[in-house]
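Read through the structure below, which is laid out as structure tokens, and then see the notes.
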Amino acid sequence: MPELPEVEILVRHLGPLLKGKRIRDVEVRRAKVLGRTSERELKAALRGAMFTGLTRRGKYLLFELRGAVGRKSRTLVGHLGMTGRMYLLAKNDPLPKHTAVVLGLGSLRMVYEDTRYFGRLTLDGEEIQKLGPEPLGADFTGEYFAFALKRSSQAIKIKLLDQTLVAGVGNIYASEALFLAGISPRLAANKLSEAQVKVLRRTIRDVLKKAIRRGSTLPLNFAGEEKSDGLFYYGSESGAGDFDHERLLVYDRKGQPCLRCKTPIERLTQAARSTFYCPGCQRIQPRVKSVDG
DNA sequence: CACCATGTTCCTTG
DNA sequence: CCAAGGAACATGGT
């Protein structure tokens, strides 16, 4: 369930539900997800603590806790990896197969499940320090973006996945933003024109905002029984018609006609990840004026 | 069996 | 030191 918009929606949903709840038990079923934090350390920090807030930084969840005894506050850091999910279940509901951690909250339990166990639930905030600016925040300025891109000859698609450059863009929205900007994913970061940098900054923000808006209106399932909750960039009760602006425009659409120019969407591999793009709309070299004959 | 998957880190090679 | 490429992590879907 990753990428910034999904995490943001989860924060908005889960935050109010957790606020004021006290952690009574901590069960660790897969210690790997604790990262550098030991199971003992986690339990000592969480038992008796109360949730006071939930925020997001990039793709990370920041659970704010106040210790049982006094004012000592702590931050529990979560990351969903590729397949992580977090939600509340009733105390006696069965736990899913790949449950990594369970926090007992009295009549409820907060479940962190993660099929592939790539995610994290930890007290170690080291990774947060390395993150670049929030793409929807005030620090992600055109000047910053231009400066950061100027220093690298890496393909722009790969740079967009660099969380130290900007925090929260993932493989899906990187492809989408580049398509909307009409920029080739292979273009070297330092070869983008000033105009392209501006457009790309805007399409990154637009695509993330739109996904958050969409996630806010979808009937997402946070309870866990079904599996229709995580990937809210898919599926839709779109309704209206001809052009579905809510859907993904290029991601996972290899071979299908570009919604703008009908050229078949292509897939390429960059940094061992799939990139989807339209070879008609996203060229490195500007289109040559066609001379008939 | 093959290949693919929303993420990130680590290792090797140049 | 840097960049690029690949493997690794672990499980499931097609």
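Each chain of the structure tokens is named A, B, ... in the order shown, its residues numbered from 1; ligands are numbered from 1 in display order.
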Exercise. Residues of chain A no more than 9 Å from chain B, counting only C-alpha atoms (C1' of nucleotides): send them over as a VMD selection string.
Key: chain A and resid 1 to 3 80 to 83 118 to 119 170 to 172 231
Selection to disk with N, CA and C atoms, as a tab-separated table (two decimals), in the first residue's frame:
chain	number	residue	atom	x	y	z
A	1	MET	N	0.81	-1.22	0.00
A	1	MET	CA	0.00	0.00	0.00
A	1	MET	C	0.84	1.26	0.00
A	2	PRO	N	1.91	1.36	-0.67
A	2	PRO	CA	2.86	2.44	-0.43
A	2	PRO	C	2.60	3.74	-1.19
A	3	GLU	N	3.62	4.46	-1.43
A	3	GLU	CA	3.60	5.79	-2.06
A	3	GLU	C	2.85	6.78	-1.17
A	80	LEU	N	5.41	0.93	5.20
A	80	LEU	CA	4.61	-0.20	4.72
A	80	LEU	C	5.31	-1.05	3.67
A	81	GLY	N	6.52	-0.66	3.29
A	81	GLY	CA	7.21	-1.46	2.28
A	81	GLY	C	6.35	-1.58	1.04
A	82	MET	N	6.27	-2.78	0.48
A	82	MET	CA	5.47	-2.98	-0.72
A	82	MET	C	4.06	-3.46	-0.39
A	83	THR	N	3.93	-4.20	0.67
A	83	THR	CA	2.66	-4.89	0.91
A	83	THR	C	2.12	-4.71	2.33
A	118	PHE	N	8.67	-6.39	3.93
A	118	PHE	CA	9.66	-5.38	3.56
A	118	PHE	C	9.50	-4.11	4.40
A	119	GLY	N	8.37	-3.98	5.06
A	119	GLY	CA	8.09	-2.77	5.83
A	119	GLY	C	8.77	-2.78	7.18
A	170	GLY	N	6.85	7.41	-5.63
A	170	GLY	CA	7.20	6.03	-5.87
A	170	GLY	C	7.12	5.69	-7.34
A	171	ASN	N	7.23	4.41	-7.63
A	171	ASN	CA	7.36	3.97	-9.02
A	171	ASN	C	6.15	4.30	-9.88
A	172	ILE	N	4.99	4.24	-9.30
A	172	ILE	CA	3.78	4.51	-10.08
A	172	ILE	C	3.66	6.00	-10.40
A	231	LEU	N	-4.68	-0.56	-2.77
A	231	LEU	CA	-4.31	0.08	-4.03
A	231	LEU	C	-5.43	0.95	-4.57
Sorted by chain and rising residue number, list the residues of chain A at most 10 Å from chain C (counting only C-alpha atoms (C1' of nucleotides)), each with its closest atom pair and distance in Å to one decimal, as a Markdown table.
| residue | atom | partner | partner_atom | distance |
| --- | --- | --- | --- | --- |
| A:Thr83 | CA | C:DT11 | C1' | 9.7 |
| A:His98 | CA | C:DT11 | C1' | 9.5 |
| A:Asp114 | CA | C:DT11 | C1' | 9.5 |
| A:Thr115 | CA | C:DT11 | C1' | 6.0 |
| A:Arg116 | CA | C:DA10 | C1' | 4.7 |
| A:Tyr117 | CA | C:DA10 | C1' | 6.5 |
| A:Phe118 | CA | C:DC9 | C1' | 6.9 |
| A:Ser152 | CA | C:DA3 | C1' | 9.7 |
| A:Ser153 | CA | C:DA3 | C1' | 9.1 |
| A:Gln154 | CA | C:DA3 | C1' | 8.3 |
| A:Gln270 | CA | C:DG5 | C1' | 9.7 |
| A:Ala271 | CA | C:DG5 | C1' | 7.2 |
| A:Ala272 | CA | C:DG6 | C1' | 8.0 |
Self-check item: Surrounding residues of range 55-65 of chain A excluding itself and chain neighbours under 5 positions, 7 Å, only C-alpha atoms (C1' of nucleotides), as a ChimeraX atom specification
Solution: /A:2-4,7-8,11,49-50,73-79,134,167-168
Tell me which protein, DNA and RNA residues are within 6 Å of range 174-189 of chain A, counting only C-alpha atoms (C1' of nucleotides), leaving out same-chain ones fewer than 5 positions away, and put them as a short mmCIF file (atom, residue, chain, number, x, y, z; two decimals) with N, CA and C atoms, in the first residue's frame.
data_model
loop_
_atom_site.label_atom_id
_atom_site.label_comp_id
_atom_site.auth_asym_id
_atom_site.auth_seq_id
_atom_site.Cartn_x
_atom_site.Cartn_y
_atom_site.Cartn_z
N LEU A 149 18.40 18.80 -9.41
CA LEU A 149 18.48 18.05 -10.66
C LEU A 149 19.73 18.40 -11.45
N SER A 152 22.99 16.13 -11.28
CA SER A 152 22.99 14.70 -11.57
C SER A 152 22.76 14.40 -13.04
N SER A 153 23.48 13.42 -13.54
CA SER A 153 23.28 13.00 -14.91
C SER A 153 22.44 11.73 -14.98
N GLN A 154 21.93 11.31 -13.87
CA GLN A 154 21.05 10.13 -13.85
C GLN A 154 19.74 10.43 -14.57
N ALA A 155 19.14 9.36 -15.07
CA ALA A 155 17.85 9.52 -15.73
C ALA A 155 16.84 10.10 -14.74
N ILE A 156 16.03 11.00 -15.24
CA ILE A 156 15.08 11.71 -14.37
C ILE A 156 14.14 10.76 -13.63
N LYS A 157 13.72 9.69 -14.28
CA LYS A 157 12.83 8.74 -13.61
C LYS A 157 13.48 8.16 -12.35
N VAL A 199 7.45 22.42 -15.03
CA VAL A 199 6.28 21.60 -15.34
C VAL A 199 6.30 20.31 -14.52
N LEU A 200 7.46 19.70 -14.42
CA LEU A 200 7.55 18.44 -13.69
C LEU A 200 7.23 18.63 -12.21
N THR A 203 3.52 18.76 -12.08
CA THR A 203 2.79 17.50 -12.32
C THR A 203 3.01 16.52 -11.16
N ILE A 204 4.17 16.57 -10.54
CA ILE A 204 4.38 15.72 -9.35
C ILE A 204 3.37 16.08 -8.28
N PHE A 276 6.83 3.05 -17.29
CA PHE A 276 5.87 3.07 -18.39
C PHE A 276 5.81 4.48 -18.94
N CYS A 281 4.55 10.98 -26.75
CA CYS A 281 4.41 12.22 -25.98
C CYS A 281 5.67 12.56 -25.17
N GLN A 282 6.51 11.56 -24.93
CA GLN A 282 7.65 11.78 -24.04
C GLN A 282 8.96 11.50 -24.77
N ARG A 283 9.40 12.46 -25.54
CA ARG A 283 10.60 12.29 -26.34
C ARG A 283 11.79 13.02 -25.72
N ILE A 284 12.96 12.47 -25.96
CA ILE A 284 14.17 13.17 -25.52
C ILE A 284 14.48 14.29 -26.50
#
